[in-house]
$ cat model.cif   # mmCIF, N, CA and C atoms
data_structure
loop_
_atom_site.label_atom_id
_atom_site.label_comp_id
_atom_site.auth_asym_id
_atom_site.auth_seq_id
_atom_site.Cartn_x
_atom_site.Cartn_y
_atom_site.Cartn_z
N MET J 16 -76.78 -48.82 77.98
CA MET J 16 -76.03 -49.05 79.21
C MET J 16 -75.11 -47.86 79.47
N ALA J 17 -75.21 -47.26 80.61
CA ALA J 17 -74.37 -46.12 80.98
C ALA J 17 -72.98 -46.59 81.35
N THR J 18 -72.01 -45.74 81.12
CA THR J 18 -70.62 -46.04 81.47
C THR J 18 -70.14 -45.04 82.50
N GLY J 19 -69.18 -45.44 83.34
CA GLY J 19 -68.61 -44.53 84.32
C GLY J 19 -67.48 -43.70 83.76
N LEU J 20 -67.13 -43.91 82.51
CA LEU J 20 -66.03 -43.19 81.88
C LEU J 20 -66.46 -41.76 81.59
N ILE J 21 -65.70 -40.79 82.12
CA ILE J 21 -66.04 -39.38 81.91
C ILE J 21 -64.99 -38.62 81.11
N SER J 22 -63.82 -39.27 80.86
CA SER J 22 -62.80 -38.67 80.02
C SER J 22 -62.01 -39.79 79.35
N ALA J 23 -61.28 -39.44 78.32
CA ALA J 23 -60.47 -40.43 77.62
C ALA J 23 -59.46 -41.05 78.60
N ARG J 24 -59.24 -42.33 78.48
CA ARG J 24 -58.38 -43.05 79.42
C ARG J 24 -57.65 -44.16 78.70
N TRP J 25 -56.39 -44.37 79.08
CA TRP J 25 -55.60 -45.49 78.57
C TRP J 25 -56.11 -46.73 79.27
N THR J 26 -56.62 -47.71 78.51
CA THR J 26 -57.27 -48.87 79.13
C THR J 26 -56.58 -50.20 78.91
N HIS J 27 -55.83 -50.36 77.81
CA HIS J 27 -55.27 -51.68 77.55
C HIS J 27 -54.14 -51.66 76.53
N VAL J 28 -53.41 -52.75 76.53
CA VAL J 28 -52.42 -53.08 75.50
C VAL J 28 -52.83 -54.46 75.00
N ALA J 29 -52.84 -54.66 73.68
CA ALA J 29 -53.22 -55.94 73.11
C ALA J 29 -52.03 -56.58 72.40
N LEU J 30 -51.84 -57.86 72.66
CA LEU J 30 -50.76 -58.62 72.03
C LEU J 30 -51.30 -59.91 71.44
N PRO J 31 -50.81 -60.31 70.27
CA PRO J 31 -51.21 -61.59 69.72
C PRO J 31 -50.46 -62.73 70.41
N THR J 32 -51.05 -63.90 70.41
CA THR J 32 -50.40 -65.09 70.96
C THR J 32 -50.75 -66.29 70.09
N GLY J 33 -49.82 -67.20 69.95
CA GLY J 33 -50.05 -68.42 69.20
C GLY J 33 -50.65 -69.53 70.04
N ASP J 34 -50.61 -69.38 71.36
CA ASP J 34 -51.17 -70.39 72.26
C ASP J 34 -51.77 -69.67 73.47
N LEU J 35 -53.05 -69.39 73.41
CA LEU J 35 -53.71 -68.60 74.44
C LEU J 35 -53.63 -69.26 75.81
N ASP J 36 -53.87 -70.56 75.89
CA ASP J 36 -53.83 -71.23 77.19
C ASP J 36 -52.44 -71.17 77.82
N LYS J 37 -51.41 -71.35 77.02
CA LYS J 37 -50.03 -71.26 77.52
C LYS J 37 -49.72 -69.85 78.00
N ALA J 38 -50.19 -68.86 77.26
CA ALA J 38 -49.96 -67.46 77.63
C ALA J 38 -50.70 -67.12 78.93
N ILE J 39 -51.94 -67.58 79.05
CA ILE J 39 -52.70 -67.34 80.29
C ILE J 39 -51.97 -67.97 81.47
N GLU J 40 -51.50 -69.18 81.32
CA GLU J 40 -50.78 -69.87 82.40
C GLU J 40 -49.53 -69.08 82.79
N PHE J 41 -48.77 -68.60 81.82
CA PHE J 41 -47.57 -67.80 82.08
C PHE J 41 -47.93 -66.56 82.90
N TYR J 42 -48.86 -65.75 82.41
CA TYR J 42 -49.17 -64.48 83.07
C TYR J 42 -49.84 -64.66 84.43
N THR J 43 -50.67 -65.68 84.59
CA THR J 43 -51.34 -65.85 85.88
C THR J 43 -50.47 -66.57 86.91
N SER J 44 -49.39 -67.20 86.47
CA SER J 44 -48.51 -67.86 87.46
C SER J 44 -47.23 -67.07 87.73
N LEU J 45 -46.77 -66.24 86.80
CA LEU J 45 -45.52 -65.51 87.00
C LEU J 45 -45.69 -64.00 87.16
N THR J 46 -46.92 -63.51 87.05
CA THR J 46 -47.18 -62.08 87.27
C THR J 46 -48.41 -61.95 88.16
N PRO J 47 -48.72 -60.74 88.62
CA PRO J 47 -49.90 -60.58 89.48
C PRO J 47 -51.22 -60.53 88.71
N LEU J 48 -51.20 -60.78 87.41
CA LEU J 48 -52.41 -60.66 86.60
C LEU J 48 -53.34 -61.86 86.77
N VAL J 49 -54.63 -61.58 86.69
CA VAL J 49 -55.66 -62.61 86.76
C VAL J 49 -56.59 -62.44 85.56
N VAL J 50 -57.33 -63.49 85.23
CA VAL J 50 -58.28 -63.43 84.12
C VAL J 50 -59.50 -62.61 84.55
N VAL J 51 -59.84 -61.61 83.74
CA VAL J 51 -61.02 -60.79 83.96
C VAL J 51 -62.18 -61.35 83.11
N GLU J 52 -61.93 -61.54 81.83
CA GLU J 52 -62.93 -62.06 80.90
C GLU J 52 -62.23 -62.86 79.81
N ARG J 53 -62.98 -63.78 79.23
CA ARG J 53 -62.47 -64.56 78.11
C ARG J 53 -63.54 -64.56 77.02
N PHE J 54 -63.12 -64.45 75.75
CA PHE J 54 -64.04 -64.32 74.63
C PHE J 54 -63.66 -65.29 73.52
N LYS J 55 -64.64 -65.65 72.69
CA LYS J 55 -64.39 -66.53 71.55
C LYS J 55 -65.34 -66.15 70.42
N ASP J 56 -64.82 -66.13 69.20
CA ASP J 56 -65.67 -65.92 68.03
C ASP J 56 -65.11 -66.76 66.88
N ALA J 57 -65.63 -66.56 65.69
CA ALA J 57 -65.22 -67.38 64.54
C ALA J 57 -63.75 -67.20 64.17
N ASP J 58 -63.15 -66.05 64.52
CA ASP J 58 -61.75 -65.78 64.16
C ASP J 58 -60.74 -66.26 65.19
N GLY J 59 -61.20 -66.53 66.42
CA GLY J 59 -60.26 -66.96 67.45
C GLY J 59 -60.77 -66.68 68.85
N GLU J 60 -59.82 -66.51 69.76
CA GLU J 60 -60.13 -66.30 71.17
C GLU J 60 -59.31 -65.15 71.73
N SER J 61 -59.79 -64.58 72.83
CA SER J 61 -59.02 -63.55 73.52
C SER J 61 -59.31 -63.62 75.01
N VAL J 62 -58.44 -62.97 75.76
CA VAL J 62 -58.60 -62.90 77.21
C VAL J 62 -58.18 -61.52 77.66
N TRP J 63 -58.84 -61.03 78.70
CA TRP J 63 -58.45 -59.78 79.35
C TRP J 63 -57.83 -60.16 80.68
N LEU J 64 -56.63 -59.64 80.95
CA LEU J 64 -55.92 -59.87 82.22
C LEU J 64 -55.69 -58.53 82.90
N SER J 65 -55.80 -58.51 84.22
CA SER J 65 -55.55 -57.28 84.97
C SER J 65 -55.17 -57.64 86.39
N ASN J 66 -54.74 -56.65 87.16
CA ASN J 66 -54.51 -56.88 88.59
C ASN J 66 -55.85 -57.23 89.22
N ASP J 67 -55.85 -58.16 90.16
CA ASP J 67 -57.06 -58.59 90.84
C ASP J 67 -57.74 -57.42 91.53
N GLN J 68 -59.02 -57.25 91.27
CA GLN J 68 -59.86 -56.22 91.91
C GLN J 68 -59.43 -54.79 91.59
N GLN J 69 -58.73 -54.56 90.50
CA GLN J 69 -58.27 -53.21 90.13
C GLN J 69 -59.43 -52.44 89.50
N ALA J 70 -60.33 -51.96 90.34
CA ALA J 70 -61.54 -51.29 89.86
C ALA J 70 -61.37 -49.79 89.69
N GLU J 71 -60.54 -49.17 90.51
CA GLU J 71 -60.40 -47.71 90.50
C GLU J 71 -59.78 -47.20 89.20
N THR J 72 -58.70 -47.81 88.76
CA THR J 72 -58.02 -47.41 87.54
C THR J 72 -57.67 -48.65 86.72
N PRO J 73 -58.66 -49.32 86.16
CA PRO J 73 -58.40 -50.57 85.46
C PRO J 73 -57.50 -50.40 84.25
N PHE J 74 -56.57 -51.32 84.12
CA PHE J 74 -55.70 -51.40 82.96
C PHE J 74 -55.59 -52.87 82.61
N VAL J 75 -55.75 -53.21 81.35
CA VAL J 75 -55.89 -54.59 80.92
C VAL J 75 -54.83 -54.96 79.89
N LEU J 76 -54.30 -56.17 80.03
CA LEU J 76 -53.49 -56.78 78.99
C LEU J 76 -54.42 -57.70 78.23
N VAL J 77 -54.63 -57.42 76.96
CA VAL J 77 -55.49 -58.23 76.11
C VAL J 77 -54.58 -59.16 75.30
N LEU J 78 -54.82 -60.46 75.41
CA LEU J 78 -54.11 -61.44 74.60
C LEU J 78 -55.10 -62.01 73.59
N VAL J 79 -54.70 -62.02 72.32
CA VAL J 79 -55.57 -62.46 71.25
C VAL J 79 -54.91 -63.58 70.48
N SER J 80 -55.65 -64.68 70.31
CA SER J 80 -55.18 -65.82 69.53
C SER J 80 -56.07 -65.98 68.32
N PHE J 81 -55.56 -65.63 67.15
CA PHE J 81 -56.32 -65.80 65.91
C PHE J 81 -56.15 -67.24 65.43
N ASN J 82 -57.24 -67.85 64.99
CA ASN J 82 -57.18 -69.24 64.53
C ASN J 82 -56.09 -69.46 63.50
N LYS J 83 -55.93 -68.53 62.56
CA LYS J 83 -54.96 -68.66 61.48
C LYS J 83 -53.52 -68.69 61.99
N ASP J 84 -53.27 -68.19 63.22
CA ASP J 84 -51.91 -68.10 63.76
C ASP J 84 -51.62 -69.11 64.87
N LYS J 85 -52.59 -69.96 65.19
CA LYS J 85 -52.40 -70.91 66.30
C LYS J 85 -51.16 -71.76 66.08
N GLY J 86 -50.41 -71.92 67.16
CA GLY J 86 -49.21 -72.75 67.12
C GLY J 86 -47.96 -72.02 66.66
N THR J 87 -48.08 -70.75 66.29
CA THR J 87 -46.89 -69.99 65.88
C THR J 87 -46.58 -68.94 66.94
N GLN J 88 -45.31 -68.64 67.11
CA GLN J 88 -44.90 -67.64 68.08
C GLN J 88 -45.21 -66.26 67.52
N GLN J 89 -45.93 -65.45 68.29
CA GLN J 89 -46.42 -64.15 67.82
C GLN J 89 -45.77 -62.96 68.51
N GLY J 90 -44.70 -63.16 69.25
CA GLY J 90 -44.11 -62.09 70.06
C GLY J 90 -43.74 -60.85 69.29
N LEU J 91 -44.04 -59.70 69.87
CA LEU J 91 -43.72 -58.40 69.29
C LEU J 91 -42.78 -57.59 70.17
N LEU J 92 -42.78 -57.87 71.48
CA LEU J 92 -42.01 -57.06 72.43
C LEU J 92 -40.67 -57.71 72.72
N HIS J 93 -39.68 -57.33 71.93
CA HIS J 93 -38.32 -57.83 72.10
C HIS J 93 -37.41 -57.01 71.20
N PRO J 94 -36.15 -56.94 71.26
CA PRO J 94 -35.35 -57.49 72.35
C PRO J 94 -35.41 -56.65 73.62
N PHE J 95 -35.75 -55.34 73.46
CA PHE J 95 -35.84 -54.49 74.65
C PHE J 95 -37.28 -54.09 74.98
N ALA J 96 -38.12 -53.91 73.97
CA ALA J 96 -39.51 -53.52 74.23
C ALA J 96 -40.10 -54.50 75.22
N HIS J 97 -40.88 -54.00 76.19
CA HIS J 97 -41.35 -54.89 77.25
C HIS J 97 -42.56 -54.35 77.98
N ILE J 98 -43.19 -55.26 78.70
CA ILE J 98 -44.23 -54.93 79.67
C ILE J 98 -43.52 -54.81 81.01
N GLY J 99 -43.81 -53.78 81.78
CA GLY J 99 -43.15 -53.58 83.07
C GLY J 99 -44.08 -53.86 84.23
N ILE J 100 -43.59 -54.65 85.17
CA ILE J 100 -44.35 -54.96 86.39
C ILE J 100 -43.45 -54.67 87.57
N GLU J 101 -43.93 -53.81 88.49
CA GLU J 101 -43.18 -53.48 89.70
C GLU J 101 -43.61 -54.39 90.84
N VAL J 102 -42.64 -54.82 91.62
CA VAL J 102 -42.92 -55.64 92.81
C VAL J 102 -42.46 -54.89 94.05
N PRO J 103 -43.08 -55.15 95.21
CA PRO J 103 -42.78 -54.37 96.40
C PRO J 103 -41.44 -54.68 97.06
N GLU J 104 -40.89 -55.87 96.89
CA GLU J 104 -39.65 -56.25 97.57
C GLU J 104 -38.58 -56.70 96.58
N ARG J 105 -37.33 -56.38 96.88
CA ARG J 105 -36.22 -56.82 96.05
C ARG J 105 -36.21 -58.35 95.92
N GLY J 106 -36.51 -59.04 97.02
CA GLY J 106 -36.55 -60.49 97.01
C GLY J 106 -37.59 -61.06 96.06
N ASP J 107 -38.65 -60.27 95.77
CA ASP J 107 -39.67 -60.72 94.81
C ASP J 107 -39.06 -60.88 93.42
N VAL J 108 -38.13 -59.99 93.06
CA VAL J 108 -37.45 -60.09 91.76
C VAL J 108 -36.66 -61.39 91.72
N ASP J 109 -35.90 -61.65 92.78
CA ASP J 109 -35.09 -62.87 92.82
C ASP J 109 -35.96 -64.13 92.78
N ALA J 110 -37.06 -64.12 93.52
CA ALA J 110 -37.95 -65.29 93.56
C ALA J 110 -38.56 -65.56 92.19
N LEU J 111 -39.01 -64.51 91.51
CA LEU J 111 -39.58 -64.70 90.17
C LEU J 111 -38.52 -65.13 89.18
N ALA J 112 -37.31 -64.60 89.32
CA ALA J 112 -36.21 -65.02 88.44
C ALA J 112 -35.90 -66.50 88.64
N ASP J 113 -35.90 -66.95 89.90
CA ASP J 113 -35.65 -68.37 90.18
C ASP J 113 -36.71 -69.25 89.51
N ARG J 114 -38.00 -68.87 89.65
CA ARG J 114 -39.08 -69.65 89.01
C ARG J 114 -38.94 -69.64 87.50
N ALA J 115 -38.67 -68.46 86.95
CA ALA J 115 -38.53 -68.34 85.49
C ALA J 115 -37.33 -69.14 84.98
N ARG J 116 -36.25 -69.14 85.74
CA ARG J 116 -35.07 -69.92 85.36
C ARG J 116 -35.43 -71.40 85.29
N GLU J 117 -36.16 -71.88 86.30
CA GLU J 117 -36.60 -73.28 86.33
C GLU J 117 -37.50 -73.62 85.15
N LEU J 118 -38.34 -72.66 84.74
CA LEU J 118 -39.27 -72.88 83.64
C LEU J 118 -38.65 -72.59 82.27
N GLY J 119 -37.39 -72.12 82.27
CA GLY J 119 -36.70 -71.84 81.02
C GLY J 119 -37.15 -70.57 80.32
N CYS J 120 -37.69 -69.62 81.09
CA CYS J 120 -38.17 -68.39 80.46
C CYS J 120 -37.53 -67.12 81.05
N LEU J 121 -36.38 -67.26 81.73
CA LEU J 121 -35.67 -66.08 82.24
C LEU J 121 -34.91 -65.44 81.08
N HIS J 122 -35.14 -64.17 80.86
CA HIS J 122 -34.52 -63.45 79.74
C HIS J 122 -33.30 -62.64 80.20
N TRP J 123 -33.43 -61.90 81.30
CA TRP J 123 -32.31 -61.16 81.89
C TRP J 123 -32.18 -61.62 83.33
N GLU J 124 -30.99 -61.95 83.73
CA GLU J 124 -30.71 -62.27 85.13
C GLU J 124 -30.95 -61.02 85.98
N PRO J 125 -31.29 -61.20 87.25
CA PRO J 125 -31.47 -60.04 88.13
C PRO J 125 -30.21 -59.19 88.16
N ARG J 126 -30.41 -57.88 88.15
CA ARG J 126 -29.27 -56.96 88.18
C ARG J 126 -29.71 -55.61 88.72
N GLN J 127 -28.82 -54.95 89.40
CA GLN J 127 -29.05 -53.60 89.88
C GLN J 127 -28.68 -52.64 88.77
N MET J 128 -29.60 -51.76 88.41
CA MET J 128 -29.36 -50.79 87.35
C MET J 128 -29.33 -49.39 87.95
N PRO J 129 -28.76 -48.41 87.22
CA PRO J 129 -28.73 -47.04 87.73
C PRO J 129 -30.14 -46.48 87.91
N ASP J 130 -30.25 -45.48 88.79
CA ASP J 130 -31.50 -44.78 89.02
C ASP J 130 -31.99 -44.19 87.70
N PRO J 131 -33.20 -44.25 87.36
CA PRO J 131 -34.36 -44.70 88.10
C PRO J 131 -34.77 -46.14 87.84
N ILE J 132 -33.94 -46.93 87.20
CA ILE J 132 -34.35 -48.27 86.74
C ILE J 132 -34.55 -49.24 87.90
N GLY J 133 -33.67 -49.23 88.88
CA GLY J 133 -33.83 -50.11 90.03
C GLY J 133 -33.28 -51.50 89.81
N TYR J 134 -33.77 -52.44 90.59
CA TYR J 134 -33.34 -53.84 90.54
C TYR J 134 -34.31 -54.58 89.62
N ILE J 135 -33.81 -55.21 88.57
CA ILE J 135 -34.68 -55.80 87.56
C ILE J 135 -34.24 -57.19 87.14
N CYS J 136 -35.17 -57.91 86.57
CA CYS J 136 -34.90 -59.09 85.75
C CYS J 136 -35.96 -59.06 84.66
N ALA J 137 -35.88 -59.98 83.72
CA ALA J 137 -36.91 -60.04 82.68
C ALA J 137 -37.21 -61.49 82.35
N LEU J 138 -38.45 -61.72 82.00
CA LEU J 138 -38.94 -63.03 81.60
C LEU J 138 -39.36 -62.95 80.14
N LYS J 139 -39.48 -64.11 79.49
CA LYS J 139 -40.04 -64.17 78.14
C LYS J 139 -41.30 -65.00 78.21
N ASP J 140 -42.41 -64.43 77.71
CA ASP J 140 -43.66 -65.19 77.69
C ASP J 140 -43.59 -66.24 76.58
N PRO J 141 -44.58 -67.11 76.46
CA PRO J 141 -44.52 -68.17 75.45
C PRO J 141 -44.38 -67.69 74.01
N ASP J 142 -44.71 -66.43 73.75
CA ASP J 142 -44.56 -65.88 72.40
C ASP J 142 -43.25 -65.12 72.22
N GLY J 143 -42.44 -65.04 73.27
CA GLY J 143 -41.17 -64.33 73.18
C GLY J 143 -41.23 -62.89 73.60
N ASN J 144 -42.38 -62.41 74.06
CA ASN J 144 -42.49 -61.03 74.57
C ASN J 144 -41.73 -60.91 75.88
N VAL J 145 -41.08 -59.78 76.06
CA VAL J 145 -40.30 -59.54 77.27
C VAL J 145 -41.19 -58.89 78.33
N VAL J 146 -41.09 -59.43 79.56
CA VAL J 146 -41.81 -58.90 80.71
C VAL J 146 -40.77 -58.56 81.77
N GLU J 147 -40.59 -57.26 82.03
CA GLU J 147 -39.61 -56.81 83.02
C GLU J 147 -40.25 -56.82 84.40
N ILE J 148 -39.53 -57.37 85.37
CA ILE J 148 -39.93 -57.34 86.77
C ILE J 148 -38.97 -56.39 87.47
N SER J 149 -39.49 -55.38 88.14
CA SER J 149 -38.60 -54.39 88.76
C SER J 149 -38.97 -54.13 90.21
N HIS J 150 -37.96 -53.75 90.96
CA HIS J 150 -38.15 -53.26 92.33
C HIS J 150 -37.41 -51.93 92.45
N ASP J 151 -38.05 -50.97 93.10
CA ASP J 151 -37.47 -49.65 93.35
C ASP J 151 -37.29 -48.84 92.07
N GLN J 152 -38.12 -49.12 91.07
CA GLN J 152 -38.12 -48.30 89.86
C GLN J 152 -38.97 -47.06 90.09
N ARG J 153 -39.91 -47.18 90.98
CA ARG J 153 -40.75 -46.08 91.46
C ARG J 153 -41.68 -45.47 90.42
N VAL J 154 -42.04 -46.22 89.39
CA VAL J 154 -43.02 -45.71 88.43
C VAL J 154 -44.35 -45.47 89.15
N PHE J 155 -44.82 -46.45 89.88
CA PHE J 155 -46.09 -46.37 90.61
C PHE J 155 -46.06 -45.19 91.58
N ASP J 156 -45.03 -45.12 92.44
CA ASP J 156 -44.95 -44.05 93.44
C ASP J 156 -44.80 -42.67 92.81
N THR J 157 -44.02 -42.57 91.74
CA THR J 157 -43.81 -41.27 91.10
C THR J 157 -45.11 -40.70 90.54
N VAL J 158 -45.88 -41.53 89.86
CA VAL J 158 -47.16 -41.07 89.30
C VAL J 158 -48.12 -40.69 90.42
N ARG J 159 -48.19 -41.50 91.47
CA ARG J 159 -49.09 -41.19 92.60
C ARG J 159 -48.68 -39.91 93.29
N GLN J 160 -47.37 -39.67 93.47
CA GLN J 160 -46.90 -38.43 94.10
C GLN J 160 -47.21 -37.22 93.22
N LYS J 161 -47.05 -37.38 91.93
CA LYS J 161 -47.30 -36.27 91.01
C LYS J 161 -48.77 -35.88 90.95
N TRP J 162 -49.66 -36.88 90.92
CA TRP J 162 -51.07 -36.61 90.70
C TRP J 162 -51.97 -36.99 91.87
N GLY J 163 -51.37 -37.35 92.98
CA GLY J 163 -52.17 -37.67 94.16
C GLY J 163 -52.62 -39.11 94.18
N SER J 164 -52.78 -39.63 95.38
CA SER J 164 -53.10 -41.05 95.52
C SER J 164 -54.50 -41.27 96.07
N SER J 165 -55.34 -40.26 95.99
CA SER J 165 -56.69 -40.36 96.55
C SER J 165 -57.38 -41.55 96.11
#

$ encode --input "model.cif" --output "structure tokens"
Amino acid sequence: MATGLISARWTHVALPTGDLDKAIEFYTSLTPLVVVERFKDADGESVWLSNDQQAETPFVLVLVSFNKDKGTQQGLLHPFAHIGIEVPERGDVDALADRARELGCLHWEPRQMPDPIGYICALKDPDGNVVEISHDQRVFDTVRQKWGSS
């Protein structure tokens, strides 16, 4: 089977989880990620999550649940280490913070930070990993301006 890959590329980050279904629910309801593929073998299960229809430059969050670790919290990204997700509107940060607060998973209240950080809040996934939600951090725009947005 031929591949379209012509040079080395950063494709994914993998994190363990003690409850795959809970983690999938968290990421698909509180972030823009959707399930791409789900796998199962004798050692456990995994899922690939990515932005919907992100075909041009795919990047995947791989969540892996090993049978031996089921039911235990497996978080690795804390207290500051985090996954970063940019949203287009400042109000998106507030709306996600409100939902996360209701669900008991808000880690940092929304706050305006100095440039280049922008307006942020953070959530904790079911394993305790930190997920930062930002507006006006300009990571996406800065990379596109530097290397073109074709």

$ select_by_dssp --input "model.cif" --residues "region 28-126 of chain J" --states "strand (DSSP E)" --output "JSON, numbers by chain"
{"J": [28, 29, 30, 31, 48, 49, 50, 51, 52, 53, 54, 55, 56, 59, 60, 61, 62, 63, 64, 65, 66, 75, 76, 77, 78, 79, 80, 81, 97, 98, 99, 100, 101, 121, 122, 123, 124, 125, 126]}

$ residues_around --input "model.cif" --residues "Val51 (chain J)" --least-positions-apart "4" --cutoff "7 Å" --atoms "only N, CA and C atoms" --output "PDB file with N, CA and C atoms, in the frame of the given file"
ATOM      1  N   VAL J  62     -58.440 -62.970  75.760  1.00  0.00           N
ATOM      2  CA  VAL J  62     -58.600 -62.900  77.210  1.00  0.00           C
ATOM      3  C   VAL J  62     -58.180 -61.520  77.660  1.00  0.00           C
ATOM      4  N   TRP J  63     -58.840 -61.030  78.700  1.00  0.00           N
ATOM      5  CA  TRP J  63     -58.450 -59.780  79.350  1.00  0.00           C
ATOM      6  C   TRP J  63     -57.830 -60.160  80.680  1.00  0.00           C
ATOM      7  N   LEU J  64     -56.630 -59.640  80.950  1.00  0.00           N
ATOM      8  CA  LEU J  64     -55.920 -59.870  82.220  1.00  0.00           C
ATOM      9  C   LEU J  64     -55.690 -58.530  82.900  1.00  0.00           C
ATOM     10  N   SER J  65     -55.800 -58.510  84.220  1.00  0.00           N
ATOM     11  CA  SER J  65     -55.550 -57.280  84.970  1.00  0.00           C
ATOM     12  C   SER J  65     -55.170 -57.640  86.390  1.00  0.00           C
TER      13      SER J  65
END

$ resolve_selection --input "model.cif" --expression "the PyMOL selection byres ((chain J and resi 22-27) around 5)" --output "list in words"
Leu20, Ile21, Val28, Ala29, Phe74 and Val75 of chain J

$ select_by_dssp --input "model.cif" --residues "chain J" --states "helix (DSSP H, G or I)" --output "PyMOL selection string"
chain J and resi 35-45+82-84+105-118+154-162

$ write_last_selection --input "model.cif" --atoms "N, CA and C atoms" --output "tab-separated table (two decimals), in the coordinates of the input"
chain	number	residue	atom	x	y	z
J	35	LEU	N	-53.05	-69.39	73.41
J	35	LEU	CA	-53.71	-68.60	74.44
J	35	LEU	C	-53.63	-69.26	75.81
J	36	ASP	N	-53.87	-70.56	75.89
J	36	ASP	CA	-53.83	-71.23	77.19
J	36	ASP	C	-52.44	-71.17	77.82
J	37	LYS	N	-51.41	-71.35	77.02
J	37	LYS	CA	-50.03	-71.26	77.52
J	37	LYS	C	-49.72	-69.85	78.00
J	38	ALA	N	-50.19	-68.86	77.26
J	38	ALA	CA	-49.96	-67.46	77.63
J	38	ALA	C	-50.70	-67.12	78.93
J	39	ILE	N	-51.94	-67.58	79.05
J	39	ILE	CA	-52.70	-67.34	80.29
J	39	ILE	C	-51.97	-67.97	81.47
J	40	GLU	N	-51.50	-69.18	81.32
J	40	GLU	CA	-50.78	-69.87	82.40
J	40	GLU	C	-49.53	-69.08	82.79
J	41	PHE	N	-48.77	-68.60	81.82
J	41	PHE	CA	-47.57	-67.80	82.08
J	41	PHE	C	-47.93	-66.56	82.90
J	42	TYR	N	-48.86	-65.75	82.41
J	42	TYR	CA	-49.17	-64.48	83.07
J	42	TYR	C	-49.84	-64.66	84.43
J	43	THR	N	-50.67	-65.68	84.59
J	43	THR	CA	-51.34	-65.85	85.88
J	43	THR	C	-50.47	-66.57	86.91
J	44	SER	N	-49.39	-67.20	86.47
J	44	SER	CA	-48.51	-67.86	87.46
J	44	SER	C	-47.23	-67.07	87.73
J	45	LEU	N	-46.77	-66.24	86.80
J	45	LEU	CA	-45.52	-65.51	87.00
J	45	LEU	C	-45.69	-64.00	87.16
J	82	ASN	N	-57.24	-67.85	64.99
J	82	ASN	CA	-57.18	-69.24	64.53
J	82	ASN	C	-56.09	-69.46	63.50
J	83	LYS	N	-55.93	-68.53	62.56
J	83	LYS	CA	-54.96	-68.66	61.48
J	83	LYS	C	-53.52	-68.69	61.99
J	84	ASP	N	-53.27	-68.19	63.22
J	84	ASP	CA	-51.91	-68.10	63.76
J	84	ASP	C	-51.62	-69.11	64.87
J	105	ARG	N	-37.33	-56.38	96.88
J	105	ARG	CA	-36.22	-56.82	96.05
J	105	ARG	C	-36.21	-58.35	95.92
J	106	GLY	N	-36.51	-59.04	97.02
J	106	GLY	CA	-36.55	-60.49	97.01
J	106	GLY	C	-37.59	-61.06	96.06
J	107	ASP	N	-38.65	-60.27	95.77
J	107	ASP	CA	-39.67	-60.72	94.81
J	107	ASP	C	-39.06	-60.88	93.42
J	108	VAL	N	-38.13	-59.99	93.06
J	108	VAL	CA	-37.45	-60.09	91.76
J	108	VAL	C	-36.66	-61.39	91.72
J	109	ASP	N	-35.90	-61.65	92.78
J	109	ASP	CA	-35.09	-62.87	92.82
J	109	ASP	C	-35.96	-64.13	92.78
J	110	ALA	N	-37.06	-64.12	93.52
J	110	ALA	CA	-37.95	-65.29	93.56
J	110	ALA	C	-38.56	-65.56	92.19
J	111	LEU	N	-39.01	-64.51	91.51
J	111	LEU	CA	-39.58	-64.70	90.17
J	111	LEU	C	-38.52	-65.13	89.18
J	112	ALA	N	-37.31	-64.60	89.32
J	112	ALA	CA	-36.21	-65.02	88.44
J	112	ALA	C	-35.90	-66.50	88.64
J	113	ASP	N	-35.90	-66.95	89.90
J	113	ASP	CA	-35.65	-68.37	90.18
J	113	ASP	C	-36.71	-69.25	89.51
J	114	ARG	N	-38.00	-68.87	89.65
J	114	ARG	CA	-39.08	-69.65	89.01
J	114	ARG	C	-38.94	-69.64	87.50
J	115	ALA	N	-38.67	-68.46	86.95
J	115	ALA	CA	-38.53	-68.34	85.49
J	115	ALA	C	-37.33	-69.14	84.98
J	116	ARG	N	-36.25	-69.14	85.74
J	116	ARG	CA	-35.07	-69.92	85.36
J	116	ARG	C	-35.43	-71.40	85.29
J	117	GLU	N	-36.16	-71.88	86.30
J	117	GLU	CA	-36.60	-73.28	86.33
J	117	GLU	C	-37.50	-73.62	85.15
J	118	LEU	N	-38.34	-72.66	84.74
J	118	LEU	CA	-39.27	-72.88	83.64
J	118	LEU	C	-38.65	-72.59	82.27
J	154	VAL	N	-42.04	-46.22	89.39
J	154	VAL	CA	-43.02	-45.71	88.43
J	154	VAL	C	-44.35	-45.47	89.15
J	155	PHE	N	-44.82	-46.45	89.88
J	155	PHE	CA	-46.09	-46.37	90.61
J	155	PHE	C	-46.06	-45.19	91.58
J	156	ASP	N	-45.03	-45.12	92.44
J	156	ASP	CA	-44.95	-44.05	93.44
J	156	ASP	C	-44.80	-42.67	92.81
J	157	THR	N	-44.02	-42.57	91.74
J	157	THR	CA	-43.81	-41.27	91.10
J	157	THR	C	-45.11	-40.70	90.54
J	158	VAL	N	-45.88	-41.53	89.86
J	158	VAL	CA	-47.16	-41.07	89.30
J	158	VAL	C	-48.12	-40.69	90.42
J	159	ARG	N	-48.19	-41.50	91.47
J	159	ARG	CA	-49.09	-41.19	92.60
J	159	ARG	C	-48.68	-39.91	93.29
J	160	GLN	N	-47.37	-39.67	93.47
J	160	GLN	CA	-46.90	-38.43	94.10
J	160	GLN	C	-47.21	-37.22	93.22
J	161	LYS	N	-47.05	-37.38	91.93
J	161	LYS	CA	-47.30	-36.27	91.01
J	161	LYS	C	-48.77	-35.88	90.95
J	162	TRP	N	-49.66	-36.88	90.92
J	162	TRP	CA	-51.07	-36.61	90.70
J	162	TRP	C	-51.97	-36.99	91.87

$ atom_distance --input "model.cif" --atom1 "atom N of Ile100 (chain J)" --atom2 "CA of Ser80 (chain J)"
22.4 Å

$ residues_around --input "model.cif" --residues "Ala96 (chain J)" --least-positions-apart "2" --cutoff "12 Å" --atoms "only C-alpha atoms" --output "number ranges by chain"
J: 90-94, 98-99, 137, 139, 143-147

$ atom_distance --input "model.cif" --atom1 "CA of Glu101 (chain J)" --atom2 "atom N of Val154 (chain J)"
7.4 Å
